[in-house]
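Source file: coords37.tsv. Holds: TSV, C-alpha atoms.
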chain	number	residue	atom	x	y	z
S	1	MET	CA	-12.13	5.96	-10.17
S	2	VAL	CA	-12.45	6.00	-6.38
S	3	SER	CA	-13.57	9.33	-4.98
S	4	THR	CA	-11.13	11.50	-3.06
S	5	ASP	CA	-13.61	11.64	-0.17
S	6	LEU	CA	-13.62	7.84	0.15
S	7	LEU	CA	-9.83	7.69	0.01
S	8	LEU	CA	-9.45	10.37	2.68
S	9	ALA	CA	-12.02	8.56	4.82
S	10	GLU	CA	-9.79	5.48	4.59
S	11	VAL	CA	-6.80	7.53	5.76
S	12	THR	CA	-8.79	8.82	8.74
S	13	SER	CA	-10.26	5.43	9.63
S	14	SER	CA	-7.01	3.48	9.37
S	15	ALA	CA	-5.14	6.17	11.32
S	16	GLY	CA	-7.81	5.86	14.00
S	17	THR	CA	-7.27	2.12	14.20
S	18	LEU	CA	-3.52	2.63	14.55
S	19	ALA	CA	-4.19	5.30	17.19
S	20	GLY	CA	-6.04	2.68	19.22
S	21	ILE	CA	-3.09	0.32	18.90
S	22	ALA	CA	-0.71	3.13	19.90
S	23	ALA	CA	-2.75	3.71	23.05
S	24	THR	CA	-2.82	0.11	24.24
S	25	ALA	CA	-0.04	-2.01	22.69
S	26	ASP	CA	3.59	-2.50	23.67
S	27	LEU	CA	5.35	-0.38	21.04
S	28	THR	CA	8.50	-2.48	21.27
S	29	THR	CA	6.53	-5.33	19.66
S	30	THR	CA	8.12	-6.48	16.40
S	31	VAL	CA	6.01	-6.09	13.25
S	32	PRO	CA	6.36	-9.45	11.46
S	33	THR	CA	5.30	-8.08	8.06
S	34	CYS	CA	7.81	-5.20	8.22
S	35	PRO	CA	11.13	-6.84	9.12
S	36	ASP	CA	13.31	-4.85	11.53
S	37	TRP	CA	10.44	-2.52	12.51
S	38	THR	CA	8.74	-2.23	15.86
S	39	LEU	CA	5.24	-0.88	16.37
S	40	ARG	CA	6.80	2.42	17.42
S	41	GLN	CA	8.69	2.69	14.12
S	42	LEU	CA	5.61	1.68	12.12
S	43	ILE	CA	3.35	4.21	13.82
S	44	THR	CA	5.97	6.95	13.56
S	45	HIS	CA	6.36	6.23	9.84
S	46	VAL	CA	2.61	6.55	9.23
S	47	GLY	CA	2.18	9.77	11.20
S	48	ARG	CA	5.22	11.32	9.56
S	49	ALA	CA	4.07	10.20	6.09
S	50	HIS	CA	0.78	12.04	6.53
S	51	ARG	CA	2.60	15.23	7.52
S	52	TRP	CA	5.07	14.78	4.65
S	53	ALA	CA	2.34	14.44	2.03
S	54	ALA	CA	0.42	17.35	3.55
S	55	ALA	CA	3.54	19.52	3.37
S	56	ILE	CA	4.07	18.63	-0.29
S	57	VAL	CA	0.51	19.69	-1.10
S	58	ALA	CA	0.48	22.78	1.13
S	59	THR	CA	3.69	24.17	-0.39
S	60	GLN	CA	2.89	22.95	-3.93
S	61	ALA	CA	6.33	21.36	-3.85
S	62	ALA	CA	7.95	20.70	-7.21
S	63	GLU	CA	10.24	18.04	-5.74
S	64	PRO	CA	10.10	15.69	-2.74
S	65	ILE	CA	10.57	17.14	0.72
S	66	PRO	CA	13.15	15.31	2.87
S	67	PHE	CA	11.09	12.81	4.84
S	68	ARG	CA	12.94	13.16	8.12
S	69	GLU	CA	12.80	16.96	8.05
S	70	VAL	CA	9.01	17.21	8.26
S	71	PRO	CA	7.95	19.33	11.26
S	72	ASP	CA	6.25	17.46	14.10
S	73	GLY	CA	7.36	14.16	12.60
S	74	ARG	CA	8.30	12.49	15.88
S	75	LEU	CA	5.93	10.26	17.85
S	76	PRO	CA	5.35	11.88	21.27
S	77	ASP	CA	6.85	10.19	24.29
S	78	GLY	CA	3.68	10.55	26.35
S	79	LEU	CA	1.28	7.63	26.01
S	80	ALA	CA	-1.77	9.87	26.14
S	81	GLU	CA	-0.46	12.09	23.34
S	82	ARG	CA	0.22	9.37	20.77
S	83	PRO	CA	-3.33	8.71	19.52
S	84	ALA	CA	-4.00	12.42	19.00
S	85	TRP	CA	-0.71	12.79	17.12
S	86	LEU	CA	-1.75	10.10	14.66
S	87	ARG	CA	-5.26	11.46	14.22
S	88	ASP	CA	-3.96	15.02	13.81
S	89	GLY	CA	-1.63	13.96	10.99
S	90	ALA	CA	-4.48	12.28	9.11
S	91	ALA	CA	-6.74	15.29	9.63
S	92	ARG	CA	-4.02	17.66	8.44
S	93	LEU	CA	-3.57	15.60	5.28
S	94	ALA	CA	-7.33	15.50	4.59
S	95	GLU	CA	-7.75	19.24	5.10
S	96	THR	CA	-4.74	20.10	2.95
S	97	VAL	CA	-5.68	17.81	0.06
S	98	THR	CA	-9.29	19.02	0.12
S	99	ALA	CA	-8.17	22.65	-0.08
S	100	GLY	CA	-5.23	22.02	-2.40
S	101	SER	CA	-4.75	22.46	-6.09
S	102	GLY	CA	-2.07	21.23	-8.46
S	103	PRO	CA	0.37	20.77	-9.70
S	104	VAL	CA	2.40	19.21	-6.89
S	105	TRP	CA	5.22	16.69	-6.88
S	106	THR	CA	4.14	13.05	-7.25
S	107	HIS	CA	6.06	9.85	-7.97
S	108	PHE	CA	5.11	10.22	-11.64
S	109	GLY	CA	5.85	13.92	-12.10
S	110	PRO	CA	3.62	16.96	-11.49
S	111	GLY	CA	0.07	15.99	-10.60
S	112	PRO	CA	-3.05	17.03	-8.66
S	113	ALA	CA	-3.29	17.24	-4.89
S	114	SER	CA	-5.75	14.32	-5.01
S	115	TYR	CA	-2.84	12.02	-5.93
S	116	TRP	CA	-1.84	12.13	-2.27
S	117	ALA	CA	-5.30	11.07	-1.11
S	118	ARG	CA	-4.90	7.88	-3.13
S	119	ARG	CA	-1.28	7.23	-2.24
S	120	MET	CA	-1.77	7.83	1.48
S	121	ALA	CA	-5.03	5.85	1.60
S	122	HIS	CA	-3.23	2.72	0.44
S	123	GLU	CA	-0.10	3.46	2.46
S	124	THR	CA	-2.17	3.89	5.61
S	125	ALA	CA	-4.49	0.94	5.02
S	126	VAL	CA	-1.62	-1.49	4.47
S	127	HIS	CA	0.38	-0.22	7.43
S	128	ARG	CA	-2.76	-0.37	9.55
S	129	ALA	CA	-2.91	-4.01	8.50
S	130	ASP	CA	0.72	-4.38	9.63
S	131	GLY	CA	-0.20	-3.00	13.02
S	132	GLN	CA	-3.19	-5.29	13.36
S	133	ILE	CA	-1.14	-8.34	12.38
S	134	ALA	CA	1.45	-7.40	15.01
S	135	VAL	CA	-1.19	-7.48	17.75
S	136	GLY	CA	-2.91	-10.64	16.51
S	137	ILE	CA	-5.86	-9.18	14.57
S	138	ARG	CA	-6.67	-10.29	11.04
S	139	PRO	CA	-6.91	-7.17	8.85
S	140	GLU	CA	-9.64	-6.39	6.35
S	141	ILE	CA	-9.57	-3.49	3.88
S	142	ASP	CA	-12.70	-2.03	2.29
S	143	PRO	CA	-13.12	-3.89	-1.04
S	144	VAL	CA	-13.41	-0.73	-3.14
S	145	VAL	CA	-10.27	0.72	-1.56
S	146	ALA	CA	-8.45	-2.61	-1.81
S	147	ALA	CA	-9.28	-3.05	-5.50
S	148	ASP	CA	-7.97	0.45	-6.16
S	149	GLY	CA	-4.88	-0.48	-4.15
S	150	ILE	CA	-4.25	-3.41	-6.48
S	151	ALA	CA	-4.62	-1.11	-9.49
S	152	GLU	CA	-2.23	1.42	-7.97
S	153	TRP	CA	0.31	-1.28	-7.10
S	154	LEU	CA	0.25	-2.56	-10.68
S	155	GLY	CA	0.75	1.00	-11.90
S	156	PHE	CA	4.01	1.20	-9.96
S	157	LEU	CA	5.54	-1.83	-11.68
S	158	PRO	CA	8.79	-0.80	-13.37
S	159	ASP	CA	9.28	-1.69	-17.00
S	160	GLY	CA	12.54	-3.44	-16.30
S	161	LEU	CA	11.24	-6.32	-14.20
S	162	ALA	CA	12.17	-8.93	-16.78
S	163	GLY	CA	15.03	-10.56	-14.91
S	164	ASP	CA	18.72	-10.11	-15.54
S	165	GLN	CA	22.00	-11.96	-15.70
S	166	ALA	CA	22.68	-11.37	-12.01
S	167	GLY	CA	20.06	-13.93	-11.06
S	168	HIS	CA	17.09	-11.66	-10.41
S	169	PRO	CA	13.93	-13.46	-11.54
S	170	ALA	CA	11.50	-12.13	-14.12
S	171	LEU	CA	8.26	-10.69	-12.80
S	172	VAL	CA	6.34	-12.73	-15.36
S	173	PRO	CA	8.27	-14.90	-17.84
S	174	GLU	CA	7.93	-13.89	-21.45
S	175	GLY	CA	4.81	-15.41	-23.00
S	176	LYS	CA	3.16	-16.19	-19.67
S	177	VAL	CA	0.03	-14.47	-18.31
S	178	VAL	CA	-0.92	-13.86	-14.69
S	179	HIS	CA	-4.54	-13.09	-13.83
S	180	PHE	CA	-5.65	-11.35	-10.63
S	181	HIS	CA	-9.39	-11.45	-9.95
S	182	ALA	CA	-11.05	-9.61	-7.07
S	183	THR	CA	-14.33	-11.47	-6.67
S	184	ASP	CA	-16.15	-8.91	-4.52
S	185	ALA	CA	-19.40	-8.12	-6.34
S	186	GLU	CA	-19.05	-4.38	-5.82
S	187	THR	CA	-15.55	-4.20	-7.26
S	188	ASP	CA	-15.24	-7.00	-9.83
S	189	GLY	CA	-11.66	-5.95	-10.46
S	190	GLU	CA	-9.63	-8.07	-12.86
S	191	TRP	CA	-6.17	-7.59	-14.31
S	192	LEU	CA	-4.05	-9.52	-16.84
S	193	ILE	CA	-0.28	-9.18	-16.60
S	194	ARG	CA	1.59	-10.55	-19.58
S	195	GLY	CA	5.32	-11.18	-19.77
S	196	VAL	CA	6.78	-9.45	-22.84
S	197	PRO	CA	10.35	-8.75	-23.98
S	198	GLY	CA	11.87	-6.32	-21.50
S	199	GLY	CA	9.09	-6.36	-18.92
S	200	VAL	CA	5.32	-6.75	-18.60
S	201	THR	CA	2.07	-5.28	-19.88
S	202	VAL	CA	-0.90	-4.75	-17.57
S	203	VAL	CA	-4.48	-4.70	-18.87
S	204	ALA	CA	-7.65	-4.41	-16.80
S	205	GLY	CA	-10.24	-7.01	-17.72
S	206	HIS	CA	-11.14	-10.68	-17.84
S	207	GLY	CA	-9.12	-13.35	-19.61
S	208	LYS	CA	-7.37	-16.67	-19.20
S	209	GLY	CA	-4.01	-16.80	-17.50
S	210	ASP	CA	-1.36	-19.42	-16.80
S	211	LEU	CA	-1.93	-18.48	-13.16
S	212	ALA	CA	-5.04	-17.00	-11.54
S	213	LEU	CA	-5.20	-15.54	-8.05
S	214	ARG	CA	-8.85	-15.18	-7.01
S	215	GLY	CA	-10.52	-13.91	-3.87
S	216	PRO	CA	-11.74	-10.81	-2.07
S	217	ALA	CA	-9.89	-7.65	-3.07
S	218	SER	CA	-8.58	-7.16	0.46
S	219	ALA	CA	-7.01	-10.61	0.58
S	220	ILE	CA	-5.51	-10.32	-2.91
S	221	LEU	CA	-3.92	-6.96	-2.09
S	222	LEU	CA	-2.50	-8.26	1.17
S	223	VAL	CA	-1.10	-11.38	-0.53
S	224	LEU	CA	0.53	-9.28	-3.26
S	225	LEU	CA	2.07	-7.01	-0.64
S	226	ARG	CA	3.19	-10.01	1.42
S	227	ARG	CA	0.94	-9.29	4.38
S	228	LEU	CA	-0.88	-12.60	3.96
S	229	PRO	CA	0.67	-15.85	2.74
S	230	PRO	CA	-0.27	-17.06	-0.76
S	231	GLY	CA	-1.78	-20.14	0.88
S	232	ASP	CA	-4.26	-18.05	2.88
S	233	PRO	CA	-7.71	-19.72	2.79
S	234	ALA	CA	-9.37	-16.50	1.57
S	235	VAL	CA	-7.67	-16.76	-1.83
S	236	GLU	CA	-7.63	-19.41	-4.52
S	237	VAL	CA	-4.54	-20.12	-6.62
S	238	ILE	CA	-5.38	-21.74	-9.95
S	239	GLY	CA	-2.80	-22.96	-12.45
S	240	ASP	CA	0.96	-22.64	-12.24
S	241	ARG	CA	1.72	-21.78	-8.60
S	242	SER	CA	5.39	-21.19	-9.48
S	243	LEU	CA	4.34	-18.01	-11.33
S	244	LEU	CA	2.92	-16.56	-8.11
S	245	ASP	CA	6.07	-17.54	-6.24
S	246	ALA	CA	8.17	-15.84	-8.94
S	247	TRP	CA	5.99	-12.73	-8.78
S	248	LEU	CA	6.39	-12.43	-5.02
S	249	ALA	CA	10.14	-13.00	-5.33
S	250	ALA	CA	10.50	-10.32	-8.01
S	251	THR	CA	8.35	-7.53	-6.61
S	252	PRO	CA	9.85	-5.08	-4.12
S	253	PHE	CA	8.77	-5.38	-0.51

Output the file's structure in the form of structure tokens.
Amino acid sequence: MVSTDLLLAEVTSSAGTLAGIAATADLTTTVPTCPDWTLRQLITHVGRAHRWAAAIVATQAAEPIPFREVPDGRLPDGLAERPAWLRDGAARLAETVTAGSGPVWTHFGPGPASYWARRMAHETAVHRADGQIAVGIRPEIDPVVAADGIAEWLGFLPDGLAGDQAGHPALVPEGKVVHFHATDAETDGEWLIRGVPGGVTVVAGHGKGDLALRGPASAILLVLLRRLPPGDPAVEVIGDRSLLDAWLAATPF
């Protein structure tokens, strides 16, 4: 398990990077990895998300708070105020989670306040990557955080991703196995996803797959979340490439 302190440090660091972008970039710039979003919309989403999660923890909410009703959820108009607004949201989240106790609402039912450190760490890191891509910087995510992001992403997979008669593809065809392998020495994260009747099973560990996606945890996470192309030189695709294409087609954006 990744410590809450490390996850909150990722929130603070990534928010700081976005704050730098907010202070210098043209916020009308389109974000290529978030279709229909500009940098202004991306940065507003991140700052509001931090305040939203902090409000859930602070009030020990038993159900989600309406996202657009969060106080102070609007990016300031003044250029000089925007970086502080982003940093303040991250700091508010960190302080609230550190002081909080459960149970609070999570996507999986009542859970501890620390859930929101993990969820917002990955949310912020990936959207920080979006911002960097929009201004021409190649993103890198800490390998420990990125490996945990892969694990969290796999934990969100719905049971029903087995395809249907309306033409939606299966996440992994029945009987096939997909292997993700983060090669960073300090993480050594591996997962096997097997297609079974009605969905998939996910098991952490080493094994042979019909497809293997290997590389640094950061690159694997960003490929799975469609922030880097599957042909990126940082990753290696071994075996049946069509399984990776099917995976990317079947997973939500």

| request: Could you tell me how far CA of Asp210 (chain S) lies from CA of Leu243 (chain S), in Å and to one decimal? | output: 8.0 Å

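In this model, the gap between CA of Thr17 (chain S) and CA of Tyr115 (chain S) comes to 22.9 Å.
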
| Could you list as a PyMOL selection string every residue that has an atom within 8 Å of (-19.9, -1.5, 0.5), using the file's coordinates and counting all atoms listed in the file? | chain S and resi 142-144+186

Export of prior selection with C-alpha atoms as a compact mmCIF listing (two decimals), in the frame of the given file:
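selection_32.txt, freshly written:
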# COMPACT_ATOMS: atom_id res chain seq x y z
CA ASP S 142 -12.70 -2.03 2.29
CA PRO S 143 -13.12 -3.89 -1.04
CA VAL S 144 -13.41 -0.73 -3.14
CA GLU S 186 -19.05 -4.38 -5.82

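Shortest atom-to-atom contact with Gly209 (chain S) among S:Val237, S:Ala182, S:Ala15, S:Val177: S:Val177, counting all atoms listed in the file.
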
| said: Need to verify the contact set: Leu192 (chain S), 8 Å, all atoms listed in the file, exclusion of same-chain residues closer than 6 positions in sequence. Can you return it as a PyMOL selection string? | reply: chain S and resi 177-180+202-207+209

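Within 10 Å of region 218-221 of chain S, once only C-alpha atoms are used and residues closer than 6 positions along the same chain are dropped, the contacting residues are Val126, Pro139, Glu140, Ile141, Asp142, Pro143, Val144, Val145, Ala146, Ala147, Asp148, Gly149, Ile150, Ala151, Trp153, Phe180, His181, Ala182, Thr183, Asp184, Arg227, Leu228, Pro229, Pro230, Asp232, Pro233, Ala234, Val235 and Glu236 of chain S.
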
| note | One decimal place gives the CA of Ile238 (chain S)-CA of Lys176 (chain S) separation as 14.1 Å

Can you find the residues with an atom no farther than 12 Å from (3.9, 11.9, 18.7), counting all atoms listed in the file, and report them as a PDB file with C-alpha atoms, in the coordinates of the input?
ATOM      1  CA  ALA S  19      -4.190   5.300  17.190  1.00  0.00           C
ATOM      2  CA  ALA S  22      -0.710   3.130  19.900  1.00  0.00           C
ATOM      3  CA  ALA S  23      -2.750   3.710  23.050  1.00  0.00           C
ATOM      4  CA  ARG S  40       6.800   2.420  17.420  1.00  0.00           C
ATOM      5  CA  GLN S  41       8.690   2.690  14.120  1.00  0.00           C
ATOM      6  CA  ILE S  43       3.350   4.210  13.820  1.00  0.00           C
ATOM      7  CA  THR S  44       5.970   6.950  13.560  1.00  0.00           C
ATOM      8  CA  HIS S  45       6.360   6.230   9.840  1.00  0.00           C
ATOM      9  CA  VAL S  46       2.610   6.550   9.230  1.00  0.00           C
ATOM     10  CA  GLY S  47       2.180   9.770  11.200  1.00  0.00           C
ATOM     11  CA  ARG S  48       5.220  11.320   9.560  1.00  0.00           C
ATOM     12  CA  ARG S  51       2.600  15.230   7.520  1.00  0.00           C
ATOM     13  CA  PRO S  71       7.950  19.330  11.260  1.00  0.00           C
ATOM     14  CA  ASP S  72       6.250  17.460  14.100  1.00  0.00           C
ATOM     15  CA  GLY S  73       7.360  14.160  12.600  1.00  0.00           C
ATOM     16  CA  ARG S  74       8.300  12.490  15.880  1.00  0.00           C
ATOM     17  CA  LEU S  75       5.930  10.260  17.850  1.00  0.00           C
ATOM     18  CA  PRO S  76       5.350  11.880  21.270  1.00  0.00           C
ATOM     19  CA  ASP S  77       6.850  10.190  24.290  1.00  0.00           C
ATOM     20  CA  GLY S  78       3.680  10.550  26.350  1.00  0.00           C
ATOM     21  CA  LEU S  79       1.280   7.630  26.010  1.00  0.00           C
ATOM     22  CA  ALA S  80      -1.770   9.870  26.140  1.00  0.00           C
ATOM     23  CA  GLU S  81      -0.460  12.090  23.340  1.00  0.00           C
ATOM     24  CA  ARG S  82       0.220   9.370  20.770  1.00  0.00           C
ATOM     25  CA  PRO S  83      -3.330   8.710  19.520  1.00  0.00           C
ATOM     26  CA  ALA S  84      -4.000  12.420  19.000  1.00  0.00           C
ATOM     27  CA  TRP S  85      -0.710  12.790  17.120  1.00  0.00           C
ATOM     28  CA  LEU S  86      -1.750  10.100  14.660  1.00  0.00           C
ATOM     29  CA  ARG S  87      -5.260  11.460  14.220  1.00  0.00           C
ATOM     30  CA  ASP S  88      -3.960  15.020  13.810  1.00  0.00           C
ATOM     31  CA  GLY S  89      -1.630  13.960  10.990  1.00  0.00           C
TER      32      GLY S  89
END

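If you measure from each of S:Val104, S:Ile21, S:Ala121, S:Ala90 to Val2 (chain S) using all atoms listed in the file, the closest one turns out to be S:Ala121.
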
| query | Contacts of Thr106 (chain S) at 10 Å or less, counting all atoms listed in the file, minus same-chain residues fewer than 6 places along, as a PyMOL selection string? | reply | chain S and resi 53+56-57+61-64+112-113+115-116+119

| request: Would you please work out which residue, of S:Ala170, S:Gly109, S:Asp36, S:Arg214, is nearest to Asp188 (chain S) when using only C-alpha atoms? | output: S:Arg214
